[in-house]
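Trainee: Sharing a structure below in structure tokens format, with a few things to ask.
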Amino acid sequence: MTFLSLPETQSVPSSSFGDPAAVLAAARFATLETRLEPDTASFWAHMRPGPKPCFTLDLLQDILAQQALLRDALSPARRAEFGPTLRYYVMGSRLPGIFNLGGDLSLFAEKIRSRDLPALRRYGHLCVEAIHGNAEAFQAPVVTIALVQGDALGGGFECALAFDVIVAERQAKFGLPEILFNLFPGMGAYSFLSRRIGQVEAEKMIMSGRLYSAEELHAMGIVTVLAEPGQGEAAVRDYIDNATRKHNAQQALLRVRRRVDPVTLPELKDVVDIWAETALGISEMDLRKMLRLTQAQEKRLAAELGAREPMVLAAE
């Protein structure tokens, strides 16, 4: 019985000493490009997971470490001593044309073939711990913003759904392709979508396996701000500029939402456990589809993206 092992924890500054703003500005992560913008009271993190455009163990470890740093830096004691460090947290991606393509499908296939249920659960639990950390806004009066400038599929879509605000460029595509290999998205899709658009519409989206445009999701109320290609960061800054004067009310309303209709970590982990058990029931043909999707994703990332390649959801 094999358990997944995490990479060694990276050393990051502790906000136990000194101004949290300085600590956040000094933080460095291998798979996250970060910056603090004092003028907009915002902290930006862009994913750059390396050769795989998905949630690798390295990326998950960095996200969790960053969240721990933010919770410490934004704790009530720190805010009382230094005042508000930031009001907005923005997550985007540095991968051309890609926000994030979700779970590590090659890892899934390996663990499914070896019948390693504990490893599947462990990976899924790490994913939802990271997703929940964003959903709870670091237990601070912070508005979280997902900046989606490329495709967000599977767990990438689930990641974006955990944010208070989604700013998406018009060319971005969203989808939950898991049904195409006889599985379902187990890292938060149902929990977040059912609260945004209701259970019936959430189940329709999950069962369809189709791609949705940013414009479609904007019409459905899932995408908050629709931006033109290349204008995503400017759209985020415009949003912050317009929202800043009512930040006190907005962050309080978001706290009310989380209190009245919370997405809890135990709920997310219970769904992961169902997902992991379901994964062991898929066929060899389904596994081959999963691996073909992995190959298509890696080929797309490796290609020179002078022109956008259409996302392939499943090999015919």
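We label chains A, B, ... in the order they appear in the structure tokens, count residues from 1 in each chain, and number ligands from 1 in the order shown.
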I need the helix (DSSP H, G or I) residues of range 86-128 of chain A per DSSP on the backbone, written as a list in words.
Mentor: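 So, restricting range 86-128 of chain A to helix (DSSP H, G or I), we get Leu105, Ser106, Leu107, Phe108, Ala109, Glu110, Lys111, Ile112, Arg113, Leu117, Pro118, Ala119, Leu120, Arg121, Arg122, Tyr123, Gly124, His125, Leu126, Cys127 and Val128 of chain A.
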Trainee: Do you have, as JSON lines, the list of residues of range 136-244 of chain A lying at most 9 Å from range 61-85 of chain A, each with its nearest atom pair and that distance in Å to one decimal, counting only C-alpha atoms and ordered by chain then number?
Mentor:
{"residue": "A:Ala137", "atom": "CA", "partner": "A:Arg71", "partner_atom": "CA", "distance": 8.6}
{"residue": "A:Phe138", "atom": "CA", "partner": "A:Arg71", "partner_atom": "CA", "distance": 4.9}
{"residue": "A:Gln139", "atom": "CA", "partner": "A:Arg71", "partner_atom": "CA", "distance": 6.6}
{"residue": "A:Ala140", "atom": "CA", "partner": "A:Leu74", "partner_atom": "CA", "distance": 6.1}
{"residue": "A:Pro141", "atom": "CA", "partner": "A:Leu74", "partner_atom": "CA", "distance": 8.5}
{"residue": "A:Val142", "atom": "CA", "partner": "A:Leu74", "partner_atom": "CA", "distance": 8.9}
Trainee: Env of range 230-246 of chain A: 12 Å cut, atoms = only C-alpha atoms, seq-sep filter 3 positions within chain, self excluded. Answer as a JSON list (two decimals) with N, CA and C atoms, in the first residue's frame.
Mentor:
[["chain", "number", "residue", "atom", "x", "y", "z"],
["A", 37, "GLU", "N", 1.06, 44.31, -4.57],
["A", 37, "GLU", "CA", 0.82, 45.63, -5.16],
["A", 37, "GLU", "C", 0.22, 46.55, -4.10],
["A", 39, "ASP", "N", -0.43, 49.68, -4.08],
["A", 39, "ASP", "CA", -1.38, 50.69, -4.57],
["A", 39, "ASP", "C", -2.80, 50.16, -4.62],
["A", 40, "THR", "N", -2.96, 48.86, -4.91],
["A", 40, "THR", "CA", -4.30, 48.26, -4.98],
["A", 40, "THR", "C", -4.58, 47.35, -3.79],
["A", 41, "ALA", "N", -3.66, 47.32, -2.82],
["A", 41, "ALA", "CA", -3.80, 46.46, -1.64],
["A", 41, "ALA", "C", -4.09, 45.02, -2.07],
["A", 42, "SER", "N", -3.36, 44.57, -3.09],
["A", 42, "SER", "CA", -3.62, 43.24, -3.65],
["A", 42, "SER", "C", -2.35, 42.40, -3.69],
["A", 43, "PHE", "N", -2.53, 41.10, -3.53],
["A", 43, "PHE", "CA", -1.44, 40.13, -3.62],
["A", 43, "PHE", "C", -1.76, 39.22, -4.79],
["A", 44, "TRP", "N", -0.82, 39.09, -5.72],
["A", 44, "TRP", "CA", -1.04, 38.33, -6.95],
["A", 44, "TRP", "C", -0.17, 37.07, -6.94],
["A", 46, "HIS", "N", 0.68, 33.84, -9.67],
["A", 46, "HIS", "CA", 0.48, 33.21, -10.98],
["A", 46, "HIS", "C", 1.10, 31.82, -10.96],
["A", 86, "LEU", "N", -3.55, 43.73, 3.00],
["A", 86, "LEU", "CA", -4.13, 43.63, 1.66],
["A", 86, "LEU", "C", -5.61, 43.37, 1.76],
["A", 87, "ARG", "N", -6.30, 43.71, 0.69],
["A", 87, "ARG", "CA", -7.74, 43.52, 0.62],
["A", 87, "ARG", "C", -8.15, 42.54, -0.47],
["A", 88, "TYR", "N", -7.25, 42.30, -1.42],
["A", 88, "TYR", "CA", -7.60, 41.43, -2.55],
["A", 88, "TYR", "C", -6.47, 40.43, -2.80],
["A", 89, "TYR", "N", -6.87, 39.21, -3.12],
["A", 89, "TYR", "CA", -5.92, 38.16, -3.51],
["A", 89, "TYR", "C", -6.32, 37.71, -4.91],
["A", 90, "VAL", "N", -5.35, 37.69, -5.82],
["A", 90, "VAL", "CA", -5.61, 37.35, -7.22],
["A", 90, "VAL", "C", -4.75, 36.15, -7.61],
["A", 91, "MET", "N", -5.38, 35.13, -8.19],
["A", 91, "MET", "CA", -4.62, 33.98, -8.70],
["A", 91, "MET", "C", -4.85, 33.86, -10.21],
["A", 92, "GLY", "N", -3.74, 33.75, -10.95],
["A", 92, "GLY", "CA", -3.79, 33.56, -12.39],
["A", 92, "GLY", "C", -2.79, 32.49, -12.80],
["A", 93, "SER", "N", -2.37, 32.53, -14.06],
["A", 93, "SER", "CA", -1.45, 31.54, -14.59],
["A", 93, "SER", "C", -0.50, 32.19, -15.57],
["A", 96, "PRO", "N", 0.83, 29.96, -21.30],
["A", 96, "PRO", "CA", 0.11, 30.57, -22.43],
["A", 96, "PRO", "C", -1.15, 29.79, -22.77],
["A", 97, "GLY", "N", -2.28, 30.47, -22.75],
["A", 97, "GLY", "CA", -3.54, 29.85, -23.15],
["A", 97, "GLY", "C", -4.13, 28.88, -22.15],
["A", 142, "VAL", "N", -10.63, 39.47, 3.12],
["A", 142, "VAL", "CA", -10.01, 39.57, 1.80],
["A", 142, "VAL", "C", -11.00, 39.08, 0.75],
["A", 143, "VAL", "N", -11.06, 39.77, -0.38],
["A", 143, "VAL", "CA", -11.85, 39.32, -1.52],
["A", 143, "VAL", "C", -10.91, 38.57, -2.46],
["A", 144, "THR", "N", -11.26, 37.34, -2.81],
["A", 144, "THR", "CA", -10.40, 36.53, -3.68],
["A", 144, "THR", "C", -10.89, 36.60, -5.11],
["A", 145, "ILE", "N", -9.94, 36.69, -6.04],
["A", 145, "ILE", "CA", -10.26, 36.87, -7.46],
["A", 145, "ILE", "C", -9.48, 35.85, -8.28],
["A", 146, "ALA", "N", -10.17, 35.06, -9.09],
["A", 146, "ALA", "CA", -9.52, 34.17, -10.05],
["A", 146, "ALA", "C", -9.42, 34.90, -11.39],
["A", 147, "LEU", "N", -8.21, 35.02, -11.90],
["A", 147, "LEU", "CA", -7.98, 35.65, -13.20],
["A", 147, "LEU", "C", -7.74, 34.53, -14.21],
["A", 148, "VAL", "N", -8.73, 34.28, -15.06],
["A", 148, "VAL", "CA", -8.67, 33.16, -16.00],
["A", 148, "VAL", "C", -8.44, 33.71, -17.40],
["A", 149, "GLN", "N", -7.21, 33.57, -17.89],
["A", 149, "GLN", "CA", -6.83, 34.07, -19.21],
["A", 149, "GLN", "C", -6.66, 32.94, -20.22],
["A", 150, "GLY", "N", -6.84, 31.71, -19.77],
["A", 150, "GLY", "CA", -6.73, 30.54, -20.64],
["A", 150, "GLY", "C", -7.68, 29.47, -20.15],
["A", 165, "VAL", "N", -14.68, 36.00, -6.85],
["A", 165, "VAL", "CA", -14.87, 36.70, -8.12],
["A", 165, "VAL", "C", -14.08, 35.96, -9.19],
["A", 166, "ILE", "N", -14.69, 35.76, -10.36],
["A", 166, "ILE", "CA", -13.97, 35.19, -11.50],
["A", 166, "ILE", "C", -13.93, 36.23, -12.61],
["A", 167, "VAL", "N", -12.73, 36.65, -12.97],
["A", 167, "VAL", "CA", -12.52, 37.53, -14.12],
["A", 167, "VAL", "C", -11.94, 36.65, -15.22],
["A", 168, "ALA", "N", -12.64, 36.56, -16.35],
["A", 168, "ALA", "CA", -12.21, 35.66, -17.43],
["A", 168, "ALA", "C", -12.12, 36.41, -18.74],
["A", 169, "GLU", "N", -11.03, 36.17, -19.46],
["A", 169, "GLU", "CA", -10.92, 36.72, -20.81],
["A", 169, "GLU", "C", -11.82, 35.94, -21.75],
["A", 170, "ARG", "N", -12.32, 36.62, -22.75],
["A", 170, "ARG", "CA", -13.35, 36.08, -23.63],
["A", 170, "ARG", "C", -12.95, 34.77, -24.30],
["A", 171, "GLN", "N", -11.66, 34.57, -24.58],
["A", 171, "GLN", "CA", -11.24, 33.36, -25.30],
["A", 171, "GLN", "C", -11.11, 32.15, -24.39],
["A", 172, "ALA", "N", -11.18, 32.32, -23.09],
["A", 172, "ALA", "CA", -11.00, 31.20, -22.15],
["A", 172, "ALA", "C", -12.15, 30.21, -22.26],
["A", 224, "THR", "N", -17.80, 36.52, -13.24],
["A", 224, "THR", "CA", -18.24, 37.83, -12.74],
["A", 224, "THR", "C", -17.97, 38.93, -13.75],
["A", 225, "VAL", "N", -16.75, 38.94, -14.30],
["A", 225, "VAL", "CA", -16.33, 39.99, -15.23],
["A", 225, "VAL", "C", -15.80, 39.33, -16.49],
["A", 226, "LEU", "N", -16.31, 39.74, -17.64],
["A", 226, "LEU", "CA", -15.85, 39.25, -18.93],
["A", 226, "LEU", "C", -14.90, 40.28, -19.54],
["A", 227, "ALA", "N", -13.66, 39.87, -19.80],
["A", 227, "ALA", "CA", -12.64, 40.78, -20.31],
["A", 227, "ALA", "C", -12.27, 40.40, -21.73],
["A", 249, "ALA", "N", -18.21, 46.55, 3.08],
["A", 249, "ALA", "CA", -19.50, 45.88, 2.94],
["A", 249, "ALA", "C", -19.37, 44.58, 2.16],
["A", 250, "GLN", "N", -18.55, 44.59, 1.09],
["A", 250, "GLN", "CA", -18.43, 43.39, 0.26],
["A", 250, "GLN", "C", -17.81, 42.24, 1.03],
["A", 251, "GLN", "N", -16.71, 42.50, 1.74],
["A", 251, "GLN", "CA", -16.08, 41.39, 2.47],
["A", 251, "GLN", "C", -16.99, 40.87, 3.57],
["A", 252, "ALA", "N", -17.81, 41.76, 4.17],
["A", 252, "ALA", "CA", -18.75, 41.30, 5.18],
["A", 252, "ALA", "C", -19.84, 40.43, 4.56],
["A", 253, "LEU", "N", -20.33, 40.83, 3.39],
["A", 253, "LEU", "CA", -21.36, 40.04, 2.71],
["A", 253, "LEU", "C", -20.82, 38.66, 2.33]]
Trainee: Name all residues at most 9 Å from range 259-267 of chain A (count only C-alpha atoms; drop same-chain ones fewer than 5 positions away) and give them as a JSON list (two decimals) with C-alpha atoms, in the first residue's frame.
Mentor:
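Result file follows (result_35.json):
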[["chain", "number", "residue", "atom", "x", "y", "z"],
["A", 128, "VAL", "CA", -9.39, 20.20, -1.77],
["A", 129, "GLU", "CA", -7.29, 21.52, 1.11],
["A", 132, "HIS", "CA", -10.78, 25.26, 0.49],
["A", 133, "GLY", "CA", -7.97, 27.55, 1.59],
["A", 135, "ALA", "CA", -12.66, 29.46, -0.58],
["A", 136, "GLU", "CA", -12.33, 30.61, 3.03],
["A", 188, "GLY", "CA", -15.38, 20.73, -5.50],
["A", 191, "SER", "CA", -20.25, 21.76, -4.03],
["A", 192, "PHE", "CA", -19.49, 25.10, -5.67],
["A", 195, "ARG", "CA", -24.50, 26.76, -4.67],
["A", 254, "LEU", "CA", -18.96, 37.32, 1.57],
["A", 272, "VAL", "CA", -13.10, 13.12, -2.72]]
Trainee: Let me make sure I understand: among A:Arg48, A:Arg113, A:Arg94, A:Arg257, which one has the smallest atom-to-atom distance to Glu284 in chain A if we use only C-alpha atoms?
Mentor: A:Arg113
Trainee: Excluding Leu211 in chain A and residues on its chain fewer than 5 positions from it, collect all residues at most 7 Å away from it, counting only C-alpha atoms, and give them as a PyMOL selection string.
Mentor: chain A and resi 173-175
Trainee: Using only C-alpha atoms, which of A:Ala26, A:Met187, A:Cys54, A:Ala152 sits nearest Glu298 in chain A?
Mentor: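 Selected residue with least distance to Glu298 in chain A: A:Cys54.
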